[in-house]
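Dumped target_11.csv below, it's CSV, C-alpha atoms and all ligand atoms:
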chain,number,residue,atom,x,y,z
A,1352,MET,CA,-10.2,-21.6,3.8
A,1353,LYS,CA,-8.5,-19.0,1.6
A,1354,ARG,CA,-11.7,-16.9,1.8
A,1355,ALA,CA,-11.6,-17.0,5.5
A,1356,ILE,CA,-8.0,-15.6,5.6
A,1357,VAL,CA,-8.8,-12.9,3.1
A,1358,PHE,CA,-11.9,-11.7,5.0
A,1359,ALA,CA,-10.1,-11.8,8.3
A,1360,ILE,CA,-8.0,-9.0,6.9
A,1361,VAL,CA,-10.9,-6.7,6.2
A,1362,LEU,CA,-12.5,-6.7,9.7
A,1363,PRO,CA,-9.4,-5.5,11.6
A,1364,ALA,CA,-8.9,-2.8,9.1
A,1365,MET,CA,-12.5,-1.5,9.7
A,1366,TRP,CA,-12.1,-1.8,13.5
A,1367,SER,CA,-9.0,0.2,13.5
A,1368,ALA,CA,-10.8,2.9,11.6
A,1369,CYS,CA,-13.2,3.2,14.5
A,1370,LYS,CA,-10.6,3.6,17.1
A,1371,ARG,CA,-8.6,6.6,15.9
A,1372,GLN,CA,-8.9,8.4,19.1
A,1373,THR,CA,-6.7,6.0,21.1
A,1374,PRO,CA,-3.2,7.4,21.6
A,1375,ARG,CA,-0.7,5.6,19.4
A,1376,TYR,CA,3.0,5.0,19.8
A,1377,VAL,CA,5.1,4.1,16.8
A,1378,LEU,CA,7.3,1.1,17.2
A,1379,HIS,CA,10.4,0.4,15.1
A,1380,GLY,CA,12.3,-2.8,15.2
A,1381,GLN,CA,13.4,-6.1,13.7
A,1382,VAL,CA,11.3,-9.3,13.5
A,1383,VAL,CA,13.0,-12.0,15.5
A,1384,GLN,CA,10.3,-14.7,15.2
A,1385,ARG,CA,6.8,-15.1,13.9
A,1386,ASN,CA,3.9,-17.4,14.6
A,1387,PRO,CA,1.2,-17.0,12.0
A,1388,ALA,CA,-1.1,-19.5,13.9
A,1389,THR,CA,-1.4,-17.1,16.8
A,1390,SER,CA,-0.9,-13.9,14.8
A,1391,GLU,CA,2.1,-13.2,17.0
A,1392,ILE,CA,5.5,-11.8,16.2
A,1393,THR,CA,8.5,-11.3,18.4
A,1394,VAL,CA,10.2,-7.9,17.8
A,1395,LYS,CA,13.5,-6.6,18.9
A,1396,HIS,CA,12.5,-2.9,19.0
A,1397,ASP,CA,13.9,0.5,19.7
A,1398,ALA,CA,13.0,2.5,22.7
A,1399,ILE,CA,9.8,4.4,22.5
A,1400,PRO,CA,10.6,7.7,24.2
A,1401,GLY,CA,8.6,8.3,27.3
A,1402,PHE,CA,6.9,5.0,27.1
A,1403,MET,CA,9.0,1.9,26.9
A,1404,PRO,CA,12.8,1.1,26.8
A,1405,ALA,CA,14.3,-0.9,23.9
A,1406,MET,CA,13.5,-4.6,24.3
A,1407,THR,CA,12.6,-7.9,22.6
A,1408,MET,CA,9.0,-8.9,23.1
A,1409,PRO,CA,6.2,-10.9,21.5
A,1410,TYR,CA,3.2,-8.9,20.2
A,1411,LYS,CA,-0.1,-9.8,18.7
A,1412,VAL,CA,-0.6,-8.4,15.2
A,1413,LYS,CA,-4.0,-6.9,14.5
A,1414,THR,CA,-4.0,-7.8,10.9
A,1415,PRO,CA,-3.4,-11.6,10.9
A,1416,LEU,CA,-2.2,-11.4,7.3
A,1417,MET,CA,0.9,-9.4,8.3
A,1418,ALA,CA,1.9,-12.0,10.9
A,1419,ALA,CA,2.1,-14.5,7.9
A,1420,ILE,CA,3.9,-12.1,5.6
A,1421,VAL,CA,6.7,-10.8,7.8
A,1422,GLU,CA,9.8,-12.8,8.0
A,1423,PRO,CA,12.6,-13.0,10.6
A,1424,GLY,CA,15.1,-10.3,9.8
A,1425,ASP,CA,12.5,-7.8,8.4
A,1426,MET,CA,12.7,-4.3,9.7
A,1427,ILE,CA,9.2,-3.1,10.6
A,1428,ALA,CA,7.3,-0.1,11.8
A,1429,ALA,CA,3.9,-0.4,13.5
A,1430,ASP,CA,1.5,1.4,15.8
A,1431,LEU,CA,1.4,0.1,19.3
A,1432,VAL,CA,-2.2,0.3,20.6
A,1433,PRO,CA,-3.5,-0.8,24.0
A,1434,ALA,CA,-5.8,-3.8,23.8
A,1435,GLU,CA,-8.9,-2.8,25.7
A,1436,ASP,CA,-10.3,-6.3,25.7
A,1437,GLY,CA,-7.2,-7.7,27.3
A,1438,LYS,CA,-7.0,-10.4,24.7
A,1439,ALA,CA,-3.6,-9.5,23.3
A,1440,GLY,CA,-0.8,-11.3,25.1
A,1441,ASN,CA,0.9,-8.4,26.8
A,1442,GLY,CA,-1.9,-5.8,26.7
A,1443,TYR,CA,-0.8,-4.3,23.3
A,1444,TRP,CA,-1.5,-4.8,19.7
A,1445,LEU,CA,0.6,-4.0,16.7
A,1446,ASP,CA,-1.6,-2.2,14.2
A,1447,ASN,CA,-0.8,-0.7,10.8
A,1448,LEU,CA,2.3,-2.9,10.5
A,1449,ARG,CA,4.6,-2.0,7.6
A,1450,ILE,CA,7.7,-3.8,6.4
A,1451,THR,CA,10.3,-1.1,5.9
A,1452,ASP,CA,13.3,-3.3,4.9
A,1453,ILE,CA,13.5,-6.9,3.7
A,1454,SER,CA,17.2,-7.0,3.0
A,1455,GLY,CA,17.8,-8.7,6.4
A,1456,ARG,CA,15.8,-11.8,5.5
A,1457,LYS,CA,17.7,-15.0,6.0
A,1458,ASP,CA,16.0,-17.4,3.6
A,1459,ARG,CA,15.2,-15.2,0.7
A,1460,LYS,CA,18.5,-14.6,-0.9
A,1461,ALA,CA,16.9,-14.4,-4.4
A,1462,VAL,CA,15.0,-11.3,-3.5
A,1463,PRO,CA,17.0,-8.1,-4.3
A,1464,ALA,CA,17.4,-5.9,-1.3
A,1465,ALA,CA,14.7,-3.3,-1.1
A,1466,ARG,CA,14.0,-0.7,1.4
A,1467,MET,CA,10.8,1.3,1.7
A,1468,LEU,CA,11.3,4.9,0.6
A,1469,THR,CA,10.6,7.5,3.3
A,1470,PRO,CA,8.9,10.9,2.7
A,1471,GLY,CA,11.4,13.3,1.1
A,1472,GLU,CA,13.4,10.7,-0.7
A,1473,PRO,CA,13.6,10.7,-4.5
A,1474,VAL,CA,11.8,7.9,-6.3
A,1475,PRO,CA,13.9,5.8,-8.6
A,1476,ASP,CA,13.0,6.0,-12.3
A,1477,ILE,CA,10.9,2.8,-12.4
A,1478,GLU,CA,9.9,1.5,-15.8
A,1479,LEU,CA,6.4,0.1,-16.3
A,1480,THR,CA,4.2,-1.1,-19.1
A,1481,ASN,CA,0.8,0.5,-19.3
A,1482,GLN,CA,-2.7,-0.5,-20.6
A,1483,ASP,CA,-1.7,0.4,-24.1
A,1484,GLY,CA,1.4,-1.8,-24.0
A,1485,LYS,CA,3.5,1.4,-23.9
A,1486,THR,CA,6.6,1.8,-21.7
A,1487,ILE,CA,6.2,4.5,-19.1
A,1488,GLN,CA,8.7,5.7,-16.5
A,1489,LEU,CA,7.9,7.5,-13.3
A,1490,SER,CA,10.1,10.4,-14.5
A,1491,ASN,CA,7.5,11.0,-17.2
A,1492,PHE,CA,5.3,12.5,-14.5
A,1493,LYS,CA,7.8,14.9,-13.1
A,1494,GLY,CA,6.2,18.4,-12.7
A,1495,LYS,CA,2.9,16.8,-11.7
A,1496,ALA,CA,1.7,15.5,-8.4
A,1497,LEU,CA,1.4,11.7,-8.9
A,1498,LEU,CA,-0.9,9.4,-6.8
A,1499,ILE,CA,0.1,5.7,-7.0
A,1500,THR,CA,-1.7,2.7,-5.7
A,1501,PHE,CA,-1.4,-1.1,-6.1
A,1502,ILE,CA,-4.1,-3.7,-7.0
A,1503,TYR,CA,-4.7,-6.9,-8.8
A,1504,THR,CA,-7.7,-7.1,-11.1
A,1505,ARG,CA,-9.0,-10.4,-9.8
A,1506,CYS,CA,-9.2,-9.2,-6.2
A,1507,PRO,CA,-12.3,-10.5,-4.6
A,1508,VAL,CA,-12.2,-8.4,-1.4
A,1509,PRO,CA,-14.5,-5.3,-1.8
A,1510,ASN,CA,-12.7,-3.3,0.8
A,1511,PHE,CA,-9.3,-3.7,-0.9
A,1512,CYS,CA,-8.7,-3.4,-4.6
A,1513,PRO,CA,-12.3,-2.6,-5.8
A,1514,ARG,CA,-12.4,0.1,-3.1
A,1515,LEU,CA,-9.0,1.6,-4.2
A,1516,SER,CA,-10.1,1.6,-7.9
A,1517,SER,CA,-13.6,3.0,-7.3
A,1518,GLN,CA,-12.2,5.8,-5.0
A,1519,PHE,CA,-9.5,6.6,-7.6
A,1520,ALA,CA,-12.3,6.8,-10.2
A,1521,LYS,CA,-14.0,9.3,-7.9
A,1522,ILE,CA,-10.8,11.4,-7.8
A,1523,GLN,CA,-10.5,11.1,-11.6
A,1524,THR,CA,-14.1,12.4,-12.1
A,1525,ASP,CA,-13.7,15.2,-9.6
A,1526,PHE,CA,-10.4,16.4,-11.1
A,1527,ALA,CA,-11.7,16.2,-14.6
A,1528,LYS,CA,-14.1,19.0,-13.6
A,1529,MET,CA,-11.2,21.3,-12.8
A,1530,PRO,CA,-8.8,21.7,-15.8
A,1531,ASP,CA,-6.1,23.3,-13.7
A,1532,ASP,CA,-5.9,20.5,-11.2
A,1533,TYR,CA,-6.3,17.9,-13.9
A,1534,ALA,CA,-3.3,19.2,-15.9
A,1535,LYS,CA,-1.1,19.2,-12.8
A,1536,THR,CA,-1.9,15.7,-11.5
A,1537,HIS,CA,-1.8,12.1,-12.6
A,1538,LEU,CA,-3.1,8.8,-11.2
A,1539,LEU,CA,-1.3,5.5,-11.5
A,1540,THR,CA,-2.7,2.1,-10.6
A,1541,ILE,CA,0.0,-0.6,-10.6
A,1542,SER,CA,-0.9,-4.3,-10.7
A,1543,PHE,CA,1.3,-6.6,-8.6
A,1544,ASP,CA,0.0,-9.6,-10.7
A,1545,PRO,CA,1.8,-8.9,-14.0
A,1546,LYS,CA,1.4,-12.5,-15.2
A,1547,TYR,CA,-2.4,-12.3,-15.3
A,1548,ASP,CA,-2.8,-8.5,-15.6
A,1549,THR,CA,-1.5,-8.0,-19.1
A,1550,PRO,CA,-2.0,-4.6,-20.9
A,1551,GLU,CA,-5.2,-6.0,-22.4
A,1552,VAL,CA,-6.6,-7.1,-19.0
A,1553,LEU,CA,-5.6,-3.7,-17.5
A,1554,ARG,CA,-7.1,-1.8,-20.3
A,1555,LYS,CA,-10.4,-3.5,-19.9
A,1556,TYR,CA,-10.3,-3.1,-16.1
A,1557,GLY,CA,-9.4,0.6,-16.5
A,1558,LEU,CA,-12.2,1.3,-18.9
A,1559,ALA,CA,-14.7,-0.1,-16.5
A,1560,TYR,CA,-13.6,2.5,-13.9
A,1561,LEU,CA,-13.4,5.3,-16.6
A,1562,GLN,CA,-17.0,4.7,-17.7
A,1563,ASP,CA,-15.7,3.4,-21.0
A,1564,ASP,CA,-14.0,6.8,-21.8
A,1565,ALA,CA,-10.5,5.9,-23.0
A,1566,SER,CA,-9.5,9.6,-23.0
A,1567,GLY,CA,-9.3,9.2,-19.2
A,1568,PHE,CA,-6.1,7.1,-19.7
A,1569,SER,CA,-4.2,10.3,-20.4
A,1570,HIS,CA,-4.7,11.2,-16.7
A,1571,TRP,CA,-4.9,7.7,-15.2
A,1572,ASP,CA,-2.5,4.9,-16.2
A,1573,PHE,CA,-3.0,1.2,-15.3
A,1574,ALA,CA,0.4,-0.5,-15.5
A,1575,SER,CA,2.6,-3.3,-14.3
A,1576,ALA,CA,6.2,-4.2,-14.2
A,1577,ALA,CA,8.1,-7.2,-15.3
A,1578,PRO,CA,7.4,-10.1,-12.8
A,1579,ALA,CA,11.0,-10.3,-11.8
A,1580,ARG,CA,11.0,-6.7,-10.7
A,1581,MET,CA,7.6,-6.5,-9.1
A,1582,GLU,CA,8.6,-7.7,-5.6
A,1583,LYS,CA,11.3,-5.1,-5.3
A,1584,LEU,CA,9.0,-2.4,-6.6
A,1585,ALA,CA,6.3,-3.2,-4.1
A,1586,ALA,CA,8.8,-3.2,-1.2
A,1587,THR,CA,10.0,0.2,-2.3
A,1588,PHE,CA,6.5,1.6,-1.6
A,1589,GLY,CA,5.8,-0.5,1.5
A,1590,LEU,CA,3.4,-2.9,-0.2
A,1591,SER,CA,3.4,-6.6,1.0
A,1592,TYR,CA,1.8,-9.5,-0.9
A,1593,ILE,CA,1.9,-13.2,-1.1
A,1594,GLU,CA,0.6,-15.3,-4.0
A,1595,GLU,CA,-1.1,-18.6,-3.1
A,1596,ASP,CA,-3.6,-20.9,-4.8
A,1597,ASN,CA,-4.3,-18.4,-7.6
A,1598,GLN,CA,-5.1,-15.7,-5.2
A,1599,ILE,CA,-3.0,-12.9,-3.7
A,1600,THR,CA,-3.2,-11.8,-0.1
A,1601,HIS,CA,-1.9,-8.2,0.2
A,1602,SER,CA,-1.7,-5.0,2.1
A,1603,MET,CA,-2.7,-1.6,0.9
A,1604,SER,CA,-0.4,1.2,-0.1
A,1605,ILE,CA,-1.2,4.6,-1.6
A,1606,VAL,CA,1.8,6.9,-2.3
A,1607,LEU,CA,1.8,10.6,-3.2
A,1608,ILE,CA,4.8,11.6,-5.3
A,1609,ALA,CA,5.5,15.4,-5.3
A,1610,PRO,CA,6.1,17.2,-8.6
A,1611,ASP,CA,9.8,17.2,-7.9
A,1612,GLY,CA,9.9,13.4,-7.9
A,1613,THR,CA,10.2,12.8,-4.1
A,1614,VAL,CA,7.9,10.7,-1.9
A,1615,SER,CA,5.4,13.1,-0.2
A,1616,LYS,CA,3.1,10.8,1.8
A,1617,TYR,CA,1.8,7.3,2.4
A,1618,TRP,CA,-1.6,5.9,3.3
A,1619,THR,CA,-2.4,2.3,4.2
A,1620,ASN,CA,-5.8,1.3,5.6
A,1621,GLU,CA,-7.2,4.6,6.8
A,1622,TRP,CA,-8.0,7.2,4.1
A,1623,THR,CA,-10.9,8.7,2.1
A,1624,ALA,CA,-11.1,9.9,-1.5
A,1625,SER,CA,-11.5,13.5,-0.3
A,1626,GLU,CA,-8.4,13.2,1.9
A,1627,LEU,CA,-6.4,12.0,-1.1
A,1628,GLU,CA,-7.9,14.7,-3.4
A,1629,GLU,CA,-6.9,17.4,-0.9
A,1630,ALA,CA,-3.4,16.1,-0.6
A,1631,LEU,CA,-3.0,15.7,-4.3
A,1632,ARG,CA,-4.3,19.2,-5.0
A,1633,GLN,CA,-2.0,20.7,-2.4
A,1634,ALA,CA,1.1,18.9,-3.7
A,1635,ALA,CA,0.2,20.0,-7.3
A,1636,HIS,CA,0.0,23.6,-6.4
A,1637,LYS,CA,2.8,23.9,-3.8
A,1638,LYS,CA,5.4,26.4,-4.7
A,1639,GLU,CA,8.9,25.0,-4.7
B,1,CU,CU,-7.0,-6.7,-3.4
Please lay out the structure from this file as structure tokens.
Ligand SMILES: [Cu+2]
Amino acid sequence: MKRAIVFAIVLPAMWSACKRQTPRYVLHGQVVQRNPATSEITVKHDAIPGFMPAMTMPYKVKTPLMAAIVEPGDMIAADLVPAEDGKAGNGYWLDNLRITDISGRKDRKAVPAARMLTPGEPVPDIELTNQDGKTIQLSNFKGKALLITFIYTRCPVPNFCPRLSSQFAKIQTDFAKMPDDYAKTHLLTISFDPKYDTPEVLRKYGLAYLQDDASGFSHWDFASAAPARMEKLAATFGLSYIEEDNQITHSMSIVLIAPDGTVSKYWTNEWTASELEEALRQAAHKKE
């Protein structure tokens, strides 16, 4: 059952990659209601200039996981895409759904208010513990272009965490060949499963992607935050996850932080290692 849910996430992500040519409108709004059983959410959304006035309407969500993760009160952004097969309720899908603010949730008072940072905004000085058990802070990487992503080491879905780590490993290898780029960049993989992913576990996991060369940790950290702070940290960077039955269902988020410590760019499902490398290199060498 759990497997079925997890794999259901992967397919829509691949389909959406094949349909990039379709025109997309970005919808911003607040979730009024959700129905995970039908992958539908009702959104009170803003006007989409030249396309649709502001209204409250139900939409099918392309990634069923997200229909289960969002909660009434959440502010969201999503791509509105026409459903060619006519299967979606009103002719449109919501794809690439991101939760941008969870502070409006009714029944989650315990969660500290967190809002997804937008490009240009400074990143707070988040404190993490790395694979050596050492405390690191995001401010440690000021002056470098920093590429961050989120994983959990036990992830069984090839297209999610293992893909993120193997593609980061490719970036690591490629940058190691160019000392100037290597010196001006840093990679950071953050686990959202701090209870299981201790520094020891992260070190072992990291070494597997560094071909057992521990010197690579000087350019690529594997870290986690205290469990109590993890949910807020994830929301800050647009990552959603739910823990159930010893497995974590999650979205993907890759964030590029500019050398001046501001958010530069996000990627969710659609990206390639070479695209990330190019953006990282450009950010590292950009004159301020
Ligand atoms: Cu994963």
Given 10 Å and all atoms listed in the file, residues near ligand CU 1 (chain B) as a list in words: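 Residues lying within 10 Å of ligand CU 1 (chain B): Val1357, Phe1501, Ile1502, Tyr1503, Thr1504, Arg1505, Cys1506, Pro1507, Val1508, Pro1509, Asn1510, Phe1511, Cys1512, Pro1513, Arg1514, Leu1515, Ser1516, Ser1542, Phe1543, Tyr1592, Gln1598, Ile1599, Thr1600, His1601, Ser1602 and Met1603 of chain A.
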From the set A:Ile1541, A:Leu1431, A:Leu1448, A:Val1421, which residue has the shortest atom-to-atom contact distance to A:Thr1619, counting all atoms listed in the file? A:Leu1448
Around the point (0.4, -0.8, -9.5), in the coordinates given by the file, pick out the residues reaching within 12 Å, counting only C-alpha atoms, and return them as a ChimeraX atom specification. /A:1477-1482,1489,1498-1504,1512,1515-1516,1538-1545,1548,1553,1571-1577,1581-1582,1584-1585,1588,1590,1603-1606
Could those selected residues go to a file with C-alpha atoms, as a short mmCIF file (atom, residue, chain, number, x, y, z; two decimals), keeping the file's coordinate frame?
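Writing the result to part.cif gives the following:
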data_model
loop_
_atom_site.label_atom_id
_atom_site.label_comp_id
_atom_site.auth_asym_id
_atom_site.auth_seq_id
_atom_site.Cartn_x
_atom_site.Cartn_y
_atom_site.Cartn_z
CA ILE A 1477 10.90 2.80 -12.40
CA GLU A 1478 9.90 1.50 -15.80
CA LEU A 1479 6.40 0.10 -16.30
CA THR A 1480 4.20 -1.10 -19.10
CA ASN A 1481 0.80 0.50 -19.30
CA GLN A 1482 -2.70 -0.50 -20.60
CA LEU A 1489 7.90 7.50 -13.30
CA LEU A 1498 -0.90 9.40 -6.80
CA ILE A 1499 0.10 5.70 -7.00
CA THR A 1500 -1.70 2.70 -5.70
CA PHE A 1501 -1.40 -1.10 -6.10
CA ILE A 1502 -4.10 -3.70 -7.00
CA TYR A 1503 -4.70 -6.90 -8.80
CA THR A 1504 -7.70 -7.10 -11.10
CA CYS A 1512 -8.70 -3.40 -4.60
CA LEU A 1515 -9.00 1.60 -4.20
CA SER A 1516 -10.10 1.60 -7.90
CA LEU A 1538 -3.10 8.80 -11.20
CA LEU A 1539 -1.30 5.50 -11.50
CA THR A 1540 -2.70 2.10 -10.60
CA ILE A 1541 0.00 -0.60 -10.60
CA SER A 1542 -0.90 -4.30 -10.70
CA PHE A 1543 1.30 -6.60 -8.60
CA ASP A 1544 0.00 -9.60 -10.70
CA PRO A 1545 1.80 -8.90 -14.00
CA ASP A 1548 -2.80 -8.50 -15.60
CA LEU A 1553 -5.60 -3.70 -17.50
CA TRP A 1571 -4.90 7.70 -15.20
CA ASP A 1572 -2.50 4.90 -16.20
CA PHE A 1573 -3.00 1.20 -15.30
CA ALA A 1574 0.40 -0.50 -15.50
CA SER A 1575 2.60 -3.30 -14.30
CA ALA A 1576 6.20 -4.20 -14.20
CA ALA A 1577 8.10 -7.20 -15.30
CA MET A 1581 7.60 -6.50 -9.10
CA GLU A 1582 8.60 -7.70 -5.60
CA LEU A 1584 9.00 -2.40 -6.60
CA ALA A 1585 6.30 -3.20 -4.10
CA PHE A 1588 6.50 1.60 -1.60
CA LEU A 1590 3.40 -2.90 -0.20
CA MET A 1603 -2.70 -1.60 0.90
CA SER A 1604 -0.40 1.20 -0.10
CA ILE A 1605 -1.20 4.60 -1.60
CA VAL A 1606 1.80 6.90 -2.30
#
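Compared by their closest atoms to A:Ser1569, and using all atoms listed in the file, the residues A:Glu1628, A:Asp1397, A:Asp1483, A:Asp1425 rank with A:Asp1483 nearest.
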A:Gly1380, A:Pro1530, A:Pro1550, A:Gly1589 ranked by distance to A:Ile1427, top pick (using all atoms listed in the file):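 The shortest atom-to-atom distance to A:Ile1427 comes from A:Gly1380.
Within 7 Å of the point (1.2, 16.3, -1.4), and counting only C-alpha atoms, the protein, DNA and RNA residues are Leu1607, Ala1609, Ser1615, Lys1616, Ala1630, Leu1631, Gln1633 and Ala1634 of chain A.
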Atoms kept (C-alpha atoms) for selection, written as a JSON list (two decimals), keeping the file's coordinate frame:
[["chain", "number", "residue", "atom", "x", "y", "z"],
["A", 1607, "LEU", "CA", 1.80, 10.60, -3.20],
["A", 1609, "ALA", "CA", 5.50, 15.40, -5.30],
["A", 1615, "SER", "CA", 5.40, 13.10, -0.20],
["A", 1616, "LYS", "CA", 3.10, 10.80, 1.80],
["A", 1630, "ALA", "CA", -3.40, 16.10, -0.60],
["A", 1631, "LEU", "CA", -3.00, 15.70, -4.30],
["A", 1633, "GLN", "CA", -2.00, 20.70, -2.40],
["A", 1634, "ALA", "CA", 1.10, 18.90, -3.70]]
Between atom CA of A:Tyr1617 and atom CA of A:Leu1468, what is the distance in Å, rounded to a tenth? 10.0 Å
Atom CA of A:Ala1565 to atom CA of A:Lys1546 measures 23.3 Å
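We find atom CA of A:Glu1551 and atom CA of A:Ser1566 to be spaced 16.2 Å apart.
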What lies within 9 Å of A:Asp1611 using all atoms listed in the file, ignoring chain neighbours under 2 positions off, as a short mmCIF file (atom, residue, chain, number, x, y, z; two decimals) with C-alpha atoms, keeping the file's coordinate frame?
data_model
loop_
_atom_site.label_atom_id
_atom_site.label_comp_id
_atom_site.auth_asym_id
_atom_site.auth_seq_id
_atom_site.Cartn_x
_atom_site.Cartn_y
_atom_site.Cartn_z
CA PRO A 1473 13.60 10.70 -4.50
CA LYS A 1493 7.80 14.90 -13.10
CA GLY A 1494 6.20 18.40 -12.70
CA LYS A 1495 2.90 16.80 -11.70
CA ALA A 1496 1.70 15.50 -8.40
CA ILE A 1608 4.80 11.60 -5.30
CA ALA A 1609 5.50 15.40 -5.30
CA THR A 1613 10.20 12.80 -4.10
CA GLU A 1639 8.90 25.00 -4.70
#
Which of A:Ala1429, A:Ala1405, A:Ile1522, A:Ala1534 sits closest to A:Phe1492 [using all atoms listed in the file]: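 So, comparing all the options, the nearest one is A:Ala1534.
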Could you check which of A:Leu1416, A:Ala1635, A:Ala1586, A:Ala1520 is closest to A:Phe1568, using only C-alpha atoms? A:Ala1520
